[in-house]
$ cat query-v4.pdb   # PDB, C-alpha atoms, pLDDT in the B column
ATOM      1  CA  MET A   1     143.705 308.000 219.925  1.00 95.00           C
ATOM      2  CA  ALA A   2     145.615 307.563 216.673  1.00 97.00           C
ATOM      3  CA  LYS A   3     145.832 310.005 213.790  1.00 97.00           C
ATOM      4  CA  LEU A   4     145.153 309.470 210.091  1.00 98.00           C
ATOM      5  CA  VAL A   5     146.795 311.946 207.689  1.00 98.00           C
ATOM      6  CA  PHE A   6     145.483 312.398 204.151  1.00 98.00           C
ATOM      7  CA  LEU A   7     147.728 313.857 201.460  1.00 97.00           C
ATOM      8  CA  GLY A   8     146.864 315.411 198.116  1.00 95.00           C
ATOM      9  CA  ARG A   9     143.415 314.747 196.712  1.00 94.00           C
ATOM     10  CA  LEU A  10     142.713 312.311 199.576  1.00 96.00           C
ATOM     11  CA  ALA A  11     142.412 315.317 201.906  1.00 96.00           C
ATOM     12  CA  ASP A  12     139.629 316.705 199.705  1.00 94.00           C
ATOM     13  CA  LEU A  13     137.873 313.362 199.734  1.00 95.00           C
ATOM     14  CA  ALA A  14     138.203 313.061 203.524  1.00 96.00           C
ATOM     15  CA  GLY A  15     137.046 316.641 204.014  1.00 96.00           C
ATOM     16  CA  ALA A  16     140.106 317.316 206.218  1.00 96.00           C
ATOM     17  CA  ALA A  17     143.851 316.765 206.215  1.00 96.00           C
ATOM     18  CA  GLU A  18     143.687 314.726 209.432  1.00 97.00           C
ATOM     19  CA  ARG A  19     141.292 312.610 211.398  1.00 97.00           C
ATOM     20  CA  GLU A  20     141.476 311.172 214.925  1.00 97.00           C
ATOM     21  CA  VAL A  21     140.507 307.520 215.232  1.00 96.00           C
ATOM     22  CA  ALA A  22     140.417 304.903 217.964  1.00 96.00           C
ATOM     23  CA  PRO A  23     143.365 302.459 217.919  1.00 96.00           C
ATOM     24  CA  GLY A  24     142.808 299.023 216.412  1.00 95.00           C
ATOM     25  CA  THR A  25     143.573 297.097 213.271  1.00 95.00           C
ATOM     26  CA  LEU A  26     143.888 299.209 210.129  1.00 94.00           C
ATOM     27  CA  GLU A  27     141.161 297.054 208.638  1.00 92.00           C
ATOM     28  CA  ALA A  28     138.735 297.948 211.444  1.00 94.00           C
ATOM     29  CA  ILE A  29     139.642 301.642 211.266  1.00 95.00           C
ATOM     30  CA  LEU A  30     139.011 301.753 207.520  1.00 94.00           C
ATOM     31  CA  ALA A  31     135.730 299.904 207.937  1.00 94.00           C
ATOM     32  CA  ASP A  32     134.480 302.780 210.116  1.00 94.00           C
ATOM     33  CA  LEU A  33     135.206 305.406 207.444  1.00 95.00           C
ATOM     34  CA  PRO A  34     132.807 306.475 204.693  1.00 95.00           C
ATOM     35  CA  VAL A  35     132.918 303.801 201.989  1.00 95.00           C
ATOM     36  CA  GLU A  36     134.060 306.134 199.230  1.00 96.00           C
ATOM     37  CA  LEU A  37     137.005 307.309 201.326  1.00 96.00           C
ATOM     38  CA  ALA A  38     137.962 303.801 202.455  1.00 95.00           C
ATOM     39  CA  VAL A  39     137.966 302.582 198.848  1.00 95.00           C
ATOM     40  CA  ALA A  40     140.207 305.482 197.794  1.00 96.00           C
ATOM     41  CA  LEU A  41     142.612 304.813 200.673  1.00 95.00           C
ATOM     42  CA  LEU A  42     142.876 301.156 199.705  1.00 92.00           C
ATOM     43  CA  ASP A  43     143.782 301.949 196.072  1.00 93.00           C
ATOM     44  CA  GLU A  44     146.936 299.986 195.257  1.00 91.00           C
ATOM     45  CA  LYS A  45     148.684 303.199 194.166  1.00 92.00           C
ATOM     46  CA  VAL A  46     148.239 304.785 197.606  1.00 95.00           C
ATOM     47  CA  ARG A  47     151.278 304.223 199.849  1.00 95.00           C
ATOM     48  CA  ILE A  48     150.838 304.049 203.609  1.00 96.00           C
ATOM     49  CA  ALA A  49     153.335 305.241 206.217  1.00 96.00           C
ATOM     50  CA  ARG A  50     153.270 304.657 209.965  1.00 96.00           C
ATOM     51  CA  ASN A  51     155.079 307.290 212.031  1.00 96.00           C
ATOM     52  CA  GLY A  52     157.066 308.408 208.988  1.00 94.00           C
ATOM     53  CA  GLU A  53     158.061 304.910 207.833  1.00 94.00           C
ATOM     54  CA  LEU A  54     156.636 303.563 204.580  1.00 94.00           C
ATOM     55  CA  LEU A  55     154.963 300.209 205.047  1.00 93.00           C
ATOM     56  CA  ILE A  56     155.733 297.377 202.639  1.00 87.00           C
ATOM     57  CA  ASN A  57     152.714 295.305 203.582  1.00 82.00           C
ATOM     58  CA  PRO A  58     150.237 297.537 205.428  1.00 78.00           C
ATOM     59  CA  GLY A  59     147.247 295.204 205.084  1.00 74.00           C
ATOM     60  CA  SER A  60     147.264 293.678 208.540  1.00 78.00           C
ATOM     61  CA  ILE A  61     148.916 296.278 210.767  1.00 90.00           C
ATOM     62  CA  MET A  62     147.811 297.145 214.269  1.00 93.00           C
ATOM     63  CA  VAL A  63     147.448 300.879 214.887  1.00 96.00           C
ATOM     64  CA  ALA A  64     148.411 301.862 218.447  1.00 96.00           C
ATOM     65  CA  ALA A  65     147.470 304.960 220.428  1.00 97.00           C
ATOM     66  CA  GLY A  66     149.663 307.874 219.341  1.00 97.00           C
ATOM     67  CA  ASP A  67     150.446 306.355 215.932  1.00 97.00           C
ATOM     68  CA  GLU A  68     150.277 308.551 212.840  1.00 98.00           C
ATOM     69  CA  ILE A  69     149.133 306.733 209.717  1.00 97.00           C
ATOM     70  CA  ALA A  70     149.635 308.694 206.494  1.00 97.00           C
ATOM     71  CA  PHE A  71     147.959 307.899 203.177  1.00 97.00           C
ATOM     72  CA  LEU A  72     150.091 309.045 200.246  1.00 96.00           C
ATOM     73  CA  PRO A  73     148.573 309.076 196.742  1.00 95.00           C
ATOM     74  CA  PRO A  74     150.858 309.135 193.660  1.00 92.00           C
ATOM     75  CA  VAL A  75     153.003 312.262 193.764  1.00 92.00           C
ATOM     76  CA  SER A  76     152.469 314.939 191.158  1.00 81.00           C
ATOM     77  CA  GLY A  77     156.054 316.103 191.036  1.00 66.00           C
ATOM     78  CA  GLY A  78     157.856 319.098 192.399  1.00 60.00           C
TER      79      GLY A  78
ATOM     80  CA  MET B  25     178.368 320.613 201.727  1.00 93.00           C
ATOM     81  CA  LEU B  26     174.748 319.559 201.318  1.00 97.00           C
ATOM     82  CA  ASP B  27     172.183 322.290 201.948  1.00 98.00           C
ATOM     83  CA  VAL B  28     168.633 320.955 201.593  1.00 98.00           C
ATOM     84  CA  ARG B  29     165.615 323.004 202.581  1.00 98.00           C
ATOM     85  CA  LEU B  30     161.861 323.315 202.265  1.00 98.00           C
ATOM     86  CA  LEU B  31     160.787 326.939 202.064  1.00 98.00           C
ATOM     87  CA  ALA B  32     157.305 328.192 202.901  1.00 97.00           C
ATOM     88  CA  GLN B  33     157.875 331.731 201.589  1.00 97.00           C
ATOM     89  CA  PRO B  34     158.983 333.214 198.227  1.00 97.00           C
ATOM     90  CA  PHE B  35     162.767 333.147 197.878  1.00 98.00           C
ATOM     91  CA  ASN B  36     165.512 334.680 195.794  1.00 98.00           C
ATOM     92  CA  PRO B  37     167.665 331.827 194.376  1.00 98.00           C
ATOM     93  CA  GLY B  38     170.676 334.110 193.958  1.00 97.00           C
ATOM     94  CA  ALA B  39     170.724 334.820 197.680  1.00 98.00           C
ATOM     95  CA  PHE B  40     171.350 331.095 198.271  1.00 98.00           C
ATOM     96  CA  VAL B  41     173.534 330.254 195.254  1.00 98.00           C
ATOM     97  CA  GLY B  42     176.057 333.013 196.015  1.00 97.00           C
ATOM     98  CA  PRO B  43     176.945 331.797 199.525  1.00 97.00           C
ATOM     99  CA  PHE B  44     176.770 328.159 198.343  1.00 98.00           C
ATOM    100  CA  THR B  45     179.356 328.893 195.637  1.00 97.00           C
ATOM    101  CA  ASN B  46     181.568 330.794 198.063  1.00 96.00           C
ATOM    102  CA  ALA B  47     181.501 327.826 200.440  1.00 96.00           C
ATOM    103  CA  HIS B  48     183.382 325.702 197.879  1.00 95.00           C
ATOM    104  CA  PRO B  49     186.715 327.339 197.131  1.00 94.00           C
ATOM    105  CA  GLY B  50     188.668 325.473 194.455  1.00 93.00           C
ATOM    106  CA  LEU B  51     185.577 324.330 192.556  1.00 94.00           C
ATOM    107  CA  GLY B  52     185.762 323.992 188.772  1.00 95.00           C
ATOM    108  CA  GLY B  53     182.099 324.579 187.996  1.00 96.00           C
ATOM    109  CA  VAL B  54     178.698 325.338 189.438  1.00 98.00           C
ATOM    110  CA  CYS B  55     175.491 324.412 187.642  1.00 98.00           C
ATOM    111  CA  THR B  56     172.198 325.860 188.845  1.00 98.00           C
ATOM    112  CA  PHE B  57     168.646 325.161 187.735  1.00 98.00           C
ATOM    113  CA  VAL B  58     165.757 327.335 188.873  1.00 98.00           C
ATOM    114  CA  GLY B  59     162.178 326.256 188.151  1.00 97.00           C
ATOM    115  CA  GLU B  60     159.411 328.839 188.288  1.00 96.00           C
ATOM    116  CA  VAL B  61     155.623 328.766 188.206  1.00 94.00           C
ATOM    117  CA  ARG B  62     154.802 329.033 184.513  1.00 90.00           C
ATOM    118  CA  GLY B  63     152.733 332.016 183.488  1.00 84.00           C
ATOM    119  CA  GLY B  64     150.076 331.778 180.784  1.00 81.00           C
ATOM    120  CA  GLY B  65     147.730 328.868 180.234  1.00 83.00           C
ATOM    121  CA  GLY B  66     145.288 330.409 182.664  1.00 90.00           C
ATOM    122  CA  VAL B  67     147.014 329.215 185.831  1.00 92.00           C
ATOM    123  CA  GLU B  68     146.377 331.738 188.606  1.00 95.00           C
ATOM    124  CA  ALA B  69     148.180 329.981 191.440  1.00 96.00           C
ATOM    125  CA  LEU B  70     149.855 326.751 192.401  1.00 96.00           C
ATOM    126  CA  GLU B  71     149.829 325.016 195.774  1.00 96.00           C
ATOM    127  CA  LEU B  72     152.344 322.395 196.794  1.00 96.00           C
ATOM    128  CA  SER B  73     151.690 320.208 199.789  1.00 95.00           C
ATOM    129  CA  HIS B  74     154.168 317.842 201.389  1.00 96.00           C
ATOM    130  CA  TYR B  75     154.402 315.352 204.260  1.00 97.00           C
ATOM    131  CA  GLU B  76     156.925 316.559 206.783  1.00 92.00           C
ATOM    132  CA  PRO B  77     158.229 313.157 207.994  1.00 96.00           C
ATOM    133  CA  LEU B  78     159.010 311.975 204.445  1.00 97.00           C
ATOM    134  CA  THR B  79     159.550 314.942 202.139  1.00 97.00           C
ATOM    135  CA  LEU B  80     162.642 316.578 203.612  1.00 97.00           C
ATOM    136  CA  PRO B  81     164.400 313.285 204.531  1.00 97.00           C
ATOM    137  CA  GLY B  82     163.688 312.110 200.950  1.00 96.00           C
ATOM    138  CA  MET B  83     165.268 315.263 199.499  1.00 97.00           C
ATOM    139  CA  GLN B  84     168.244 314.856 201.829  1.00 98.00           C
ATOM    140  CA  ALA B  85     168.723 311.262 200.630  1.00 97.00           C
ATOM    141  CA  LEU B  86     168.434 312.401 197.001  1.00 98.00           C
ATOM    142  CA  ALA B  87     171.100 315.063 197.517  1.00 98.00           C
ATOM    143  CA  GLU B  88     173.391 312.464 199.127  1.00 98.00           C
ATOM    144  CA  THR B  89     172.842 310.048 196.247  1.00 98.00           C
ATOM    145  CA  ALA B  90     173.534 312.729 193.619  1.00 98.00           C
ATOM    146  CA  SER B  91     176.573 313.910 195.514  1.00 98.00           C
ATOM    147  CA  SER B  92     178.202 310.491 195.689  1.00 98.00           C
ATOM    148  CA  ARG B  93     177.104 309.352 192.219  1.00 98.00           C
ATOM    149  CA  PHE B  94     178.637 312.403 190.524  1.00 98.00           C
ATOM    150  CA  GLY B  95     181.442 313.066 192.986  1.00 98.00           C
ATOM    151  CA  LEU B  96     180.229 316.545 193.894  1.00 98.00           C
ATOM    152  CA  MET B  97     181.845 319.006 196.233  1.00 98.00           C
ATOM    153  CA  GLY B  98     178.409 320.150 197.299  1.00 98.00           C
ATOM    154  CA  MET B  99     174.741 320.385 196.451  1.00 98.00           C
ATOM    155  CA  LEU B 100     172.122 323.008 197.230  1.00 98.00           C
ATOM    156  CA  MET B 101     168.491 321.864 196.983  1.00 98.00           C
ATOM    157  CA  LEU B 102     165.658 324.266 197.773  1.00 98.00           C
ATOM    158  CA  HIS B 103     161.975 323.541 197.268  1.00 98.00           C
ATOM    159  CA  ARG B 104     158.959 325.730 197.902  1.00 98.00           C
ATOM    160  CA  VAL B 105     155.816 324.482 199.571  1.00 97.00           C
ATOM    161  CA  GLY B 106     152.549 326.325 200.041  1.00 97.00           C
ATOM    162  CA  LYS B 107     150.767 328.662 197.656  1.00 97.00           C
ATOM    163  CA  MET B 108     152.723 330.415 194.907  1.00 97.00           C
ATOM    164  CA  TYR B 109     152.056 332.544 191.864  1.00 97.00           C
ATOM    165  CA  PRO B 110     153.327 332.698 188.243  1.00 96.00           C
ATOM    166  CA  GLY B 111     156.878 333.954 188.094  1.00 95.00           C
ATOM    167  CA  GLU B 112     157.807 332.752 191.579  1.00 97.00           C
ATOM    168  CA  PRO B 113     160.599 330.195 191.939  1.00 98.00           C
ATOM    169  CA  ILE B 114     159.445 326.715 192.999  1.00 97.00           C
ATOM    170  CA  VAL B 115     162.751 324.880 192.999  1.00 98.00           C
ATOM    171  CA  CYS B 116     166.456 325.625 192.909  1.00 98.00           C
ATOM    172  CA  VAL B 117     169.124 322.952 192.572  1.00 98.00           C
ATOM    173  CA  SER B 118     172.784 323.834 192.395  1.00 98.00           C
ATOM    174  CA  ALA B 119     175.779 321.517 192.185  1.00 98.00           C
ATOM    175  CA  ALA B 120     179.434 322.385 192.746  1.00 98.00           C
ATOM    176  CA  ALA B 121     182.102 320.100 191.298  1.00 98.00           C
ATOM    177  CA  GLU B 122     185.658 320.041 190.082  1.00 97.00           C
ATOM    178  CA  HIS B 123     184.485 319.548 186.485  1.00 96.00           C
ATOM    179  CA  ARG B 124     181.471 320.812 184.594  1.00 97.00           C
ATOM    180  CA  ARG B 125     179.986 317.496 183.434  1.00 97.00           C
ATOM    181  CA  ALA B 126     179.489 316.244 186.983  1.00 98.00           C
ATOM    182  CA  ALA B 127     177.763 319.468 188.024  1.00 98.00           C
ATOM    183  CA  ILE B 128     175.448 319.546 184.990  1.00 98.00           C
ATOM    184  CA  ASP B 129     174.517 315.858 185.198  1.00 98.00           C
ATOM    185  CA  ALA B 130     173.953 316.001 188.961  1.00 98.00           C
ATOM    186  CA  VAL B 131     171.447 318.837 188.577  1.00 98.00           C
ATOM    187  CA  ASP B 132     169.654 317.009 185.740  1.00 98.00           C
ATOM    188  CA  PHE B 133     169.545 313.830 187.870  1.00 97.00           C
ATOM    189  CA  ALA B 134     168.268 315.656 190.942  1.00 97.00           C
ATOM    190  CA  MET B 135     165.572 317.505 188.980  1.00 96.00           C
ATOM    191  CA  ASP B 136     164.259 314.313 187.330  1.00 94.00           C
ATOM    192  CA  HIS B 137     163.962 312.727 190.770  1.00 95.00           C
ATOM    193  CA  LEU B 138     162.367 315.779 192.356  1.00 94.00           C
ATOM    194  CA  LYS B 139     159.788 315.897 189.556  1.00 90.00           C
ATOM    195  CA  SER B 140     158.640 312.301 189.738  1.00 87.00           C
ATOM    196  CA  ASP B 141     159.974 310.622 192.841  1.00 87.00           C
ATOM    197  CA  SER B 142     159.613 313.104 195.698  1.00 93.00           C
ATOM    198  CA  TRP B 143     156.817 313.569 198.181  1.00 95.00           C
ATOM    199  CA  PHE B 144     154.989 316.567 196.770  1.00 95.00           C
ATOM    200  CA  TRP B 145     151.388 316.979 195.719  1.00 95.00           C
ATOM    201  CA  LYS B 146     150.484 319.848 193.476  1.00 95.00           C
ATOM    202  CA  ARG B 147     147.242 321.528 192.619  1.00 95.00           C
ATOM    203  CA  GLU B 148     146.570 324.512 190.428  1.00 94.00           C
ATOM    204  CA  LEU B 149     143.984 327.259 190.402  1.00 95.00           C
ATOM    205  CA  ARG B 150     142.321 328.006 187.047  1.00 93.00           C
ATOM    206  CA  GLY B 151     139.218 330.102 186.666  1.00 93.00           C
ATOM    207  CA  GLY B 152     138.779 330.070 190.430  1.00 94.00           C
ATOM    208  CA  VAL B 153     138.748 326.254 190.586  1.00 94.00           C
ATOM    209  CA  TRP B 154     141.477 324.153 192.245  1.00 94.00           C
ATOM    210  CA  SER B 155     142.422 320.859 190.622  1.00 92.00           C
ATOM    211  CA  TRP B 156     145.059 318.269 191.514  1.00 93.00           C
ATOM    212  CA  ILE B 157     147.870 317.589 189.072  1.00 90.00           C
ATOM    213  CA  GLU B 158     148.219 313.915 188.219  1.00 83.00           C
ATOM    214  CA  PRO B 159     151.608 312.286 187.574  1.00 79.00           C
ATOM    215  CA  ARG B 160     152.778 312.622 183.957  1.00 79.00           C
ATOM    216  CA  ASP B 161     154.176 309.737 181.896  1.00 80.00           C
ATOM    217  CA  GLN B 162     156.941 312.053 180.713  1.00 81.00           C
ATOM    218  CA  ASP B 163     158.181 312.469 184.290  1.00 80.00           C
ATOM    219  CA  HIS B 164     158.500 308.714 184.703  1.00 81.00           C
ATOM    220  CA  ALA B 165     160.259 308.425 181.324  1.00 84.00           C
ATOM    221  CA  ASP B 166     162.703 311.123 182.474  1.00 85.00           C
ATOM    222  CA  LEU B 167     163.434 309.126 185.624  1.00 86.00           C
ATOM    223  CA  ARG B 168     164.214 305.952 183.659  1.00 88.00           C
ATOM    224  CA  ARG B 169     167.118 307.720 181.926  1.00 89.00           C
ATOM    225  CA  TRP B 170     169.126 307.187 185.095  1.00 89.00           C
ATOM    226  CA  GLY B 171     168.712 303.413 185.297  1.00 83.00           C
TER     227      GLY B 171
END
$ encode --input "query-v4.pdb" --output "structure tokens"
Amino acid sequence: MAKLVFLGRLADLAGAAEREVAPGTLEAILADLPVELAVALLDEKVRIARNGELLINPGSIMVAAGDEIAFLPPVSGG
Amino acid sequence: MLDVRLLAQPFNPGAFVGPFTNAHPGLGGVCTFVGEVRGGGGVEALELSHYEPLTLPGMQALAETASSRFGLMGMLMLHRVGKMYPGEPIVCVSAAAEHRRAAIDAVDFAMDHLKSDSWFWKRELRGGVWSWIEPRDQDHADLRRWG
């Protein structure tokens, strides 16, 4: 399995801070999520990180077993 | 010396700034900024969340950048995460340098970047209801001062 991590308000929307998903393309994983959540995750202001590395072009990535994909909305400042 | 930490419990800034200062014999100046949870305005509590793989490495990189840009002898950077209450410190940044200007500017620089360019998400409790804090234009304007 792979893990999705939701930060900030995305955790509220997802109903949890994390979610286990089957490996596959990010596109396929998002297609299995509730529409409202998937739309929020695809907002252009949401950054995506795989295993702690920010992705420049996350659109077409393959998510492998054990991967952690984090969705990072705009920060609200320290 | 760079000392960068995320703290999950209330802290006393002086307990960190004292040893930090002592660790830099020969310094010409130390500048320290402490940010606290503002009282008033009906805020009952604040909660800061972070993302472990990015937040601390990002702060470490910021401290390194500030240190080399301003030629510091050292920088202390402490940031709270978790739930906190009015009057509690959220952040403490301290810079030690041979001359005052470098120390003052380095703290200003680090704070502007912590406020708008670090991996923290903040929500506040008012009237028993939590709401997320959105980024402020002012924070981004502050960041642009540094080019």
$ axis_aligned_box --input "query-v4.pdb" --around "stretch 134-142 of chain B" --padding-each-side "6 Å" --output "AutoDock Vina command-line options"
--center_x 163.5 --center_y 314.1 --center_z 191.5 --size_x 21.6 --size_y 18.9 --size_z 20.4
$ residues_around --input "query-v4.pdb" --residues "stretch 119-135 of chain B" --least-positions-apart "5" --cutoff "6 Å" --atoms "all atoms listed in the file" --output "ChimeraX atom specification"
/B:51-55,90,94,96-99
$ closest_atom_pairs --input "query-v4.pdb" --of "chain A" --to "chain B" --cutoff "8 Å" --atoms "only C-alpha atoms" --output "CSV"
residue,atom,partner,partner_atom,distance
A:Leu7,CA,B:Tyr75,CA,7.4
A:Gly8,CA,B:Trp145,CA,5.4
A:Arg9,CA,B:Trp156,CA,6.5
A:Asn51,CA,B:Pro77,CA,7.8
A:Gly52,CA,B:Pro77,CA,5.0
A:Glu53,CA,B:Leu78,CA,7.9
A:Pro74,CA,B:Pro159,CA,6.9
A:Val75,CA,B:Trp145,CA,5.4
A:Ser76,CA,B:Pro159,CA,4.5
A:Gly77,CA,B:Lys139,CA,4.0
A:Gly78,CA,B:Lys139,CA,4.7
$ resolve_selection --input "query-v4.pdb" --expression "the PyMOL selection byres ((chain A and resi 12) around 12)" --output "CSV table (one decimal) with C-alpha atoms, in the coordinates of the input"
chain,number,residue,atom,x,y,z
A,5,VAL,CA,146.8,311.9,207.7
A,6,PHE,CA,145.5,312.4,204.2
A,7,LEU,CA,147.7,313.9,201.5
A,8,GLY,CA,146.9,315.4,198.1
A,9,ARG,CA,143.4,314.7,196.7
A,10,LEU,CA,142.7,312.3,199.6
A,11,ALA,CA,142.4,315.3,201.9
A,13,LEU,CA,137.9,313.4,199.7
A,14,ALA,CA,138.2,313.1,203.5
A,15,GLY,CA,137.0,316.6,204.0
A,16,ALA,CA,140.1,317.3,206.2
A,17,ALA,CA,143.9,316.8,206.2
A,18,GLU,CA,143.7,314.7,209.4
A,36,GLU,CA,134.1,306.1,199.2
A,37,LEU,CA,137.0,307.3,201.3
A,40,ALA,CA,140.2,305.5,197.8
B,147,ARG,CA,147.2,321.5,192.6
B,154,TRP,CA,141.5,324.2,192.2
B,155,SER,CA,142.4,320.9,190.6
B,156,TRP,CA,145.1,318.3,191.5
$ residues_around --input "query-v4.pdb" --residues "stretch 58-62 of chain A" --least-positions-apart "3" --cutoff "7 Å" --atoms "all atoms listed in the file" --output "list in words"
Gly24, Thr25, Leu26, Glu27, Ile48 and Leu55 of chain A
$ residues_around --input "query-v4.pdb" --residues "B:Asn36" --least-positions-apart "5" --cutoff "10 Å" --atoms "only C-alpha atoms" --output "list in words"
Val41, Glu112, Pro113 and Cys116 of chain B
$ atom_distance --input "query-v4.pdb" --atom1 "atom CA of A:Met1" --atom2 "atom CA of A:Ala65"
4.9 Å
$ residues_around --input "query-v4.pdb" --residues "B:Leu70" --least-positions-apart "6" --cutoff "6 Å" --atoms "all atoms listed in the file" --output "list of chain:residue names"
B:Lys107, B:Met108, B:Arg147, B:Glu148
$ resolve_selection --input "query-v4.pdb" --expression "the PyMOL selection byres ((chain B and resi 31) around 9)" --output "list of chain:residue names"
B:Arg29, B:Leu30, B:Ala32, B:Gln33, B:Pro34, B:Phe35, B:Leu102, B:His103, B:Arg104, B:Val105, B:Gly106
$ atom_distance --input "query-v4.pdb" --atom1 "atom CA of B:Val61" --atom2 "atom CA of B:Arg150"
13.4 Å
$ closest_residue --input "query-v4.pdb" --among "A:Val39, A:Leu54, A:Leu4, A:Val46" --to "A:Ala22" --atoms "all atoms listed in the file"
A:Leu4
$ atom_distance --input "query-v4.pdb" --atom1 "atom CA of B:Ser92" --atom2 "atom CA of B:Ala39"
25.5 Å
